Amino acid sequence: EAASGINEKYAVYSQEIDPYNQRRISLLGELRNAIDKDVLQLYFQPQICLDTMEVSGAEVLIRWIHPEYGFIPPDEFIPLAERTGVIQPLTYWICRKAFQFMHSLSSQGYNLNLSINISARNLQDPHFKDQVCKIAKEQDVTLEKVIMELTETAVMHNPDEALRVLGELSAAGIRLSIDDFGTGYSSLSYLKKLPVNEIKIDRSFVMEMAKNNDDQVIVHTTLTMGHNLSLEVVAEGIEDEATLLKLKEMGCDLAQGYHIARPMPANEFFTWLSNYRNDASPSPVASIIK
Ligand code: C2E
Ligand code: MG
Ligand code: MG
Ligand code: MG
């Protein structure tokens with residue numbers, strides 16, 4: 001029955017689709033069937049606490065390895081999934097897989113946070129919180145270590161609805177993070193009303209901050225504001241040691257980026273974790289790049 005519902009939605013959206021974009025049309029049709037197949041995989045990118053240099057958690061990032069097109073970036077297919085409604089079963093699938101990973105982490109003695117990206121569309125699903133709780137129960141994990149990341153745009157899409165759903169998620173123990181912070185148009189006074197625990201400074205401000213003074217000013221201002229609102233601040237897109245050390249010096253809480261580690265499949269993540277040492281200074285970073 002789910003499949004026929006999806007087809008109706010395809011019909012509704014078909015006027016919008018560029019008839020010449022064969023790849024997009026074929027991806028649209030295949031996405032629903034890709035769920036639960038090995039072609040979709042979850043990758044995990046570590047986050048470290050800059051104060052202690054310990055691993056604090058990981059962000060869950062989806063990958064689609066297509067038999068014909070090869071690697072398809074999530075920036076290409078997630079918007080398609082959002083438009084067709086496939087994002088709902090897809091997000092539940094992602095939660096199930098992510099919670100399984102979390103369960104194996106804790107059974108190996110790792111007590112890490114897991115950040116999951118969610119879409120505006122998920123906030124329109126009246127059963128979202130209950131479904132997530134149910135999946136967590138099935139996978140035998142608690143929600144205290146789960147963080148859900150939303151962009152400012154997703155939150156501002158329907159602010160009242162977002163406020164209600166985020167309140168429910170928060171009451172269930174899930175922590176909330178504003179992703180790509182600084183790229184949207186949200187009002188700070190509104191963000192303050194949300195039960196948000198964390199902001200993630202967008203990588204466009206972080207990637208070149210070691211050599212770009214304007215970016216440094218933006219990062220610094222965001223950090224001050226975040227801390228004044230009692231929020232944890234994460235920087236994403238750290239690509240070199242100079243940036244990492246600068247962020248540490250500025251008092252940023254958490255760090256994520258290629259310089260620390262790239263997103264990896266679960267088995268590689270475990271290997272990376274067991275090799276990771278947060279050795280004391282003088283050169284804490286040298287030990288990270290193994
Ligand atoms: P995002 O949530 O902002 O994820 C961070 C993106 O930055 C990821 O791209 C990650 O691979 C990339 N990244 C991490 N460190 C670095 C770095 O040092 N340098 C550079 N240049 N990039 C870095 P990715 O995996 O391609 O994901 C892109 C976007 O797709 C995500 O942005 C998110 O909005 C969306 N996405 C990914 N996975 C999911 C998912 O499971 N569900 C949903 N709803 N969206 C997802
Ligand atoms: Mg994210
Ligand atoms: Mg981001
Ligand atoms: Mg993004």
# chains A, B, ... in the order shown; residues from 1 in each chain; ligands from 1

$ select_by_dssp --residues "segment 55-261 of chain A" --states "alpha helix (DSSP H)" --output "ChimeraX atom specification"
/A:74-84,87-107,120-123,128-138,152-157,159-171,188-193,203-206,213-228,241-250

$ write_last_selection --atoms "C-alpha atoms" --output "CSV table (one decimal), in the first residue's frame"
chain,number,residue,atom,x,y,z
A,74,PRO,CA,23.2,12.9,-0.6
A,75,ASP,CA,22.9,16.5,-1.7
A,76,GLU,CA,21.5,15.2,-4.9
A,77,PHE,CA,19.1,12.5,-3.7
A,78,ILE,CA,17.9,13.7,-0.3
A,79,PRO,CA,16.1,16.7,-2.0
A,80,LEU,CA,14.4,14.2,-4.3
A,81,ALA,CA,13.4,12.0,-1.3
A,82,GLU,CA,12.0,15.1,0.4
A,83,ARG,CA,9.9,16.1,-2.6
A,84,THR,CA,8.4,12.7,-3.1
A,87,ILE,CA,12.2,10.8,3.1
A,88,GLN,CA,9.8,9.4,5.7
A,89,PRO,CA,10.5,5.7,5.2
A,90,LEU,CA,14.1,6.6,4.4
A,91,THR,CA,14.6,8.4,7.7
A,92,TYR,CA,13.1,5.5,9.7
A,93,TRP,CA,15.4,3.1,7.9
A,94,ILE,CA,18.4,5.5,8.7
A,95,CYS,CA,17.3,5.6,12.4
A,96,ARG,CA,17.0,1.8,12.5
A,97,LYS,CA,20.5,1.3,11.0
A,98,ALA,CA,22.0,4.0,13.1
A,99,PHE,CA,20.6,2.6,16.3
A,100,GLN,CA,21.9,-0.8,15.4
A,101,PHE,CA,25.3,0.8,15.1
A,102,MET,CA,24.9,2.5,18.4
A,103,HIS,CA,24.0,-0.8,20.0
A,104,SER,CA,27.2,-2.4,18.7
A,105,LEU,CA,29.2,0.6,19.8
A,106,SER,CA,28.0,0.3,23.4
A,107,SER,CA,28.3,-3.4,23.5
A,120,ALA,CA,11.6,19.5,7.4
A,121,ARG,CA,9.3,16.8,6.0
A,122,ASN,CA,10.0,14.6,9.1
A,123,LEU,CA,8.6,17.3,11.3
A,128,PHE,CA,7.6,11.0,14.1
A,129,LYS,CA,8.5,11.0,17.8
A,130,ASP,CA,6.5,7.8,18.6
A,131,GLN,CA,8.1,6.0,15.6
A,132,VAL,CA,11.6,7.0,16.6
A,133,CYS,CA,11.0,5.9,20.2
A,134,LYS,CA,9.6,2.5,18.9
A,135,ILE,CA,12.7,1.9,16.7
A,136,ALA,CA,15.0,2.8,19.6
A,137,LYS,CA,13.2,0.3,21.8
A,138,GLU,CA,13.4,-2.4,19.1
A,152,GLU,CA,17.6,26.6,10.0
A,153,THR,CA,15.5,26.4,6.8
A,154,ALA,CA,13.8,23.2,7.9
A,155,VAL,CA,12.9,24.7,11.2
A,156,MET,CA,11.7,28.0,9.7
A,157,HIS,CA,9.6,26.2,7.1
A,159,PRO,CA,8.0,27.4,12.9
A,160,ASP,CA,5.0,26.5,15.0
A,161,GLU,CA,4.9,22.9,13.9
A,162,ALA,CA,8.7,22.7,14.4
A,163,LEU,CA,8.4,24.1,17.9
A,164,ARG,CA,5.8,21.4,18.8
A,165,VAL,CA,7.6,18.4,17.3
A,166,LEU,CA,11.0,19.5,18.6
A,167,GLY,CA,9.4,19.9,22.0
A,168,GLU,CA,8.2,16.2,21.8
A,169,LEU,CA,11.6,15.0,20.6
A,170,SER,CA,13.3,16.9,23.4
A,171,ALA,CA,10.9,15.5,26.0
A,188,LEU,CA,17.8,34.5,16.8
A,189,SER,CA,14.9,35.4,19.0
A,190,TYR,CA,13.0,32.5,17.4
A,191,LEU,CA,15.9,30.0,17.8
A,192,LYS,CA,16.0,30.9,21.5
A,193,LYS,CA,12.5,29.6,21.9
A,203,ARG,CA,31.7,24.4,6.9
A,204,SER,CA,31.7,27.3,4.5
A,205,PHE,CA,32.9,29.5,7.4
A,206,VAL,CA,35.3,26.9,8.8
A,213,ASN,CA,40.0,36.9,8.7
A,214,ASP,CA,36.3,37.5,7.9
A,215,ASP,CA,35.5,33.8,8.4
A,216,GLN,CA,37.4,33.9,11.7
A,217,VAL,CA,35.3,36.9,12.9
A,218,ILE,CA,32.0,35.0,11.9
A,219,VAL,CA,33.2,31.9,13.7
A,220,HIS,CA,34.2,33.8,16.8
A,221,THR,CA,30.9,35.8,16.9
A,222,THR,CA,28.9,32.6,16.5
A,223,LEU,CA,30.8,30.9,19.3
A,224,THR,CA,30.3,33.8,21.7
A,225,MET,CA,26.6,33.9,20.9
A,226,GLY,CA,26.2,30.1,21.2
A,227,HIS,CA,27.9,30.0,24.5
A,228,ASN,CA,25.9,33.0,25.8
A,241,GLU,CA,45.7,21.4,11.7
A,242,ALA,CA,45.9,25.3,11.9
A,243,THR,CA,42.1,25.5,11.8
A,244,LEU,CA,41.8,22.8,14.5
A,245,LEU,CA,44.2,24.6,16.8
A,246,LYS,CA,42.6,27.9,16.2
A,247,LEU,CA,39.1,26.5,17.1
A,248,LYS,CA,40.6,24.9,20.2
A,249,GLU,CA,42.1,28.2,21.2
A,250,MET,CA,38.8,30.0,20.6

$ residues_near_ligand --ligand "ligand 2" --cutoff "9 Å" --atoms "only C-alpha atoms and all ligand atoms" --output "ChimeraX atom specification"
/A:59-61,115-118,148-151,177-180,200,236

$ write_last_selection --atoms "N, CA and C atoms" --output "PDB file, in the first residue's frame"
ATOM      1  N   GLU A  59      28.675  11.666  13.285  1.00  0.00           N
ATOM      2  CA  GLU A  59      27.508  12.039  12.487  1.00  0.00           C
ATOM      3  C   GLU A  59      27.226  10.934  11.478  1.00  0.00           C
ATOM      4  N   VAL A  60      25.961  10.608  11.332  1.00  0.00           N
ATOM      5  CA  VAL A  60      25.511   9.588  10.394  1.00  0.00           C
ATOM      6  C   VAL A  60      25.265  10.250   9.033  1.00  0.00           C
ATOM      7  N   LEU A  61      25.922   9.747   7.991  1.00  0.00           N
ATOM      8  CA  LEU A  61      25.783  10.334   6.651  1.00  0.00           C
ATOM      9  C   LEU A  61      25.472   9.230   5.653  1.00  0.00           C
ATOM     10  N   SER A 115      24.770  11.614  15.830  1.00  0.00           N
ATOM     11  CA  SER A 115      23.987  12.704  15.251  1.00  0.00           C
ATOM     12  C   SER A 115      23.350  12.259  13.947  1.00  0.00           C
ATOM     13  N   ILE A 116      22.032  12.416  13.863  1.00  0.00           N
ATOM     14  CA  ILE A 116      21.277  11.991  12.679  1.00  0.00           C
ATOM     15  C   ILE A 116      20.655  13.226  12.028  1.00  0.00           C
ATOM     16  N   ASN A 117      20.797  13.348  10.704  1.00  0.00           N
ATOM     17  CA  ASN A 117      20.195  14.471   9.981  1.00  0.00           C
ATOM     18  C   ASN A 117      18.725  14.204   9.722  1.00  0.00           C
ATOM     19  N   ILE A 118      17.875  15.171  10.040  1.00  0.00           N
ATOM     20  CA  ILE A 118      16.462  15.005   9.685  1.00  0.00           C
ATOM     21  C   ILE A 118      15.970  16.210   8.865  1.00  0.00           C
ATOM     22  N   MET A 148      19.553  15.016  16.985  1.00  0.00           N
ATOM     23  CA  MET A 148      18.966  15.190  15.655  1.00  0.00           C
ATOM     24  C   MET A 148      19.354  16.555  15.120  1.00  0.00           C
ATOM     25  N   GLU A 149      19.897  16.558  13.892  1.00  0.00           N
ATOM     26  CA  GLU A 149      20.346  17.794  13.253  1.00  0.00           C
ATOM     27  C   GLU A 149      19.319  18.265  12.238  1.00  0.00           C
ATOM     28  N   LEU A 150      18.968  19.540  12.344  1.00  0.00           N
ATOM     29  CA  LEU A 150      18.027  20.167  11.409  1.00  0.00           C
ATOM     30  C   LEU A 150      18.626  21.459  10.925  1.00  0.00           C
ATOM     31  N   THR A 151      18.371  21.812   9.673  1.00  0.00           N
ATOM     32  CA  THR A 151      18.863  23.112   9.219  1.00  0.00           C
ATOM     33  C   THR A 151      17.896  24.209   9.675  1.00  0.00           C
ATOM     34  N   SER A 177      20.128  19.849  17.332  1.00  0.00           N
ATOM     35  CA  SER A 177      21.229  20.648  16.829  1.00  0.00           C
ATOM     36  C   SER A 177      20.787  21.415  15.586  1.00  0.00           C
ATOM     37  N   ILE A 178      21.218  22.664  15.465  1.00  0.00           N
ATOM     38  CA  ILE A 178      20.937  23.427  14.247  1.00  0.00           C
ATOM     39  C   ILE A 178      22.144  23.302  13.318  1.00  0.00           C
ATOM     40  N   ASP A 179      21.912  22.621  12.185  1.00  0.00           N
ATOM     41  CA  ASP A 179      22.964  22.301  11.222  1.00  0.00           C
ATOM     42  C   ASP A 179      23.205  23.480  10.276  1.00  0.00           C
ATOM     43  N   ASP A 180      24.379  23.535   9.685  1.00  0.00           N
ATOM     44  CA  ASP A 180      24.723  24.557   8.682  1.00  0.00           C
ATOM     45  C   ASP A 180      24.444  25.954   9.219  1.00  0.00           C
ATOM     46  N   LYS A 200      25.783  23.901  14.845  1.00  0.00           N
ATOM     47  CA  LYS A 200      26.928  23.462  14.041  1.00  0.00           C
ATOM     48  C   LYS A 200      27.250  24.560  13.058  1.00  0.00           C
ATOM     49  N   GLU A 236      32.186  22.218  11.774  1.00  0.00           N
ATOM     50  CA  GLU A 236      32.330  21.146  10.775  1.00  0.00           C
ATOM     51  C   GLU A 236      33.204  21.647   9.633  1.00  0.00           C
TER      52      GLU A 236
END

$ closest_residue --among "A:Glu68, A:Asp202, A:Asp240, A:Glu268" --to "ligand 4" --atoms "only C-alpha atoms and all ligand atoms"
A:Asp202

$ atom_distance --atom1 "atom CA of Leu40 of chain A" --atom2 "atom CA of Gly182 of chain A"
29.9 Å

$ select_by_dssp --residues "segment 32-252 of chain A" --states "strand (DSSP E)" --output "PyMOL selection string"
chain A and resi 40-49+55-66+70-72+113-117+146-151+175-181+198-201+232-236

$ closest_residue --among "A:Tyr43, A:Trp272, A:Tyr110, A:Phe181" --to "ligand 4" --atoms "only C-alpha atoms and all ligand atoms"
A:Phe181

$ closest_residue --among "A:Leu231, A:Met207, A:Leu27, A:Leu42" --to "Gly70 of chain A" --atoms "only C-alpha atoms"
A:Leu27

$ residues_around --residues "Ile48 of chain A" --least-positions-apart "6" --cutoff "8 Å" --atoms "only C-alpha atoms" --output "MDAnalysis selection string"
chainID A and resid 54:57 254:256

$ write_last_selection --atoms "C-alpha atoms" --output "mmCIF file, in the first residue's frame"
data_model
loop_
_atom_site.group_PDB
_atom_site.id
_atom_site.type_symbol
_atom_site.label_atom_id
_atom_site.label_comp_id
_atom_site.auth_asym_id
_atom_site.auth_seq_id
_atom_site.Cartn_x
_atom_site.Cartn_y
_atom_site.Cartn_z
ATOM 1 C CA GLU A 54 38.557 12.535 22.981
ATOM 2 C CA VAL A 55 36.071 11.126 20.501
ATOM 3 C CA SER A 56 32.641 12.344 21.554
ATOM 4 C CA GLY A 57 30.466 10.887 18.830
ATOM 5 C CA LEU A 254 33.394 19.968 19.253
ATOM 6 C CA ALA A 255 35.137 19.426 15.938
ATOM 7 C CA GLN A 256 34.430 17.412 12.802
#
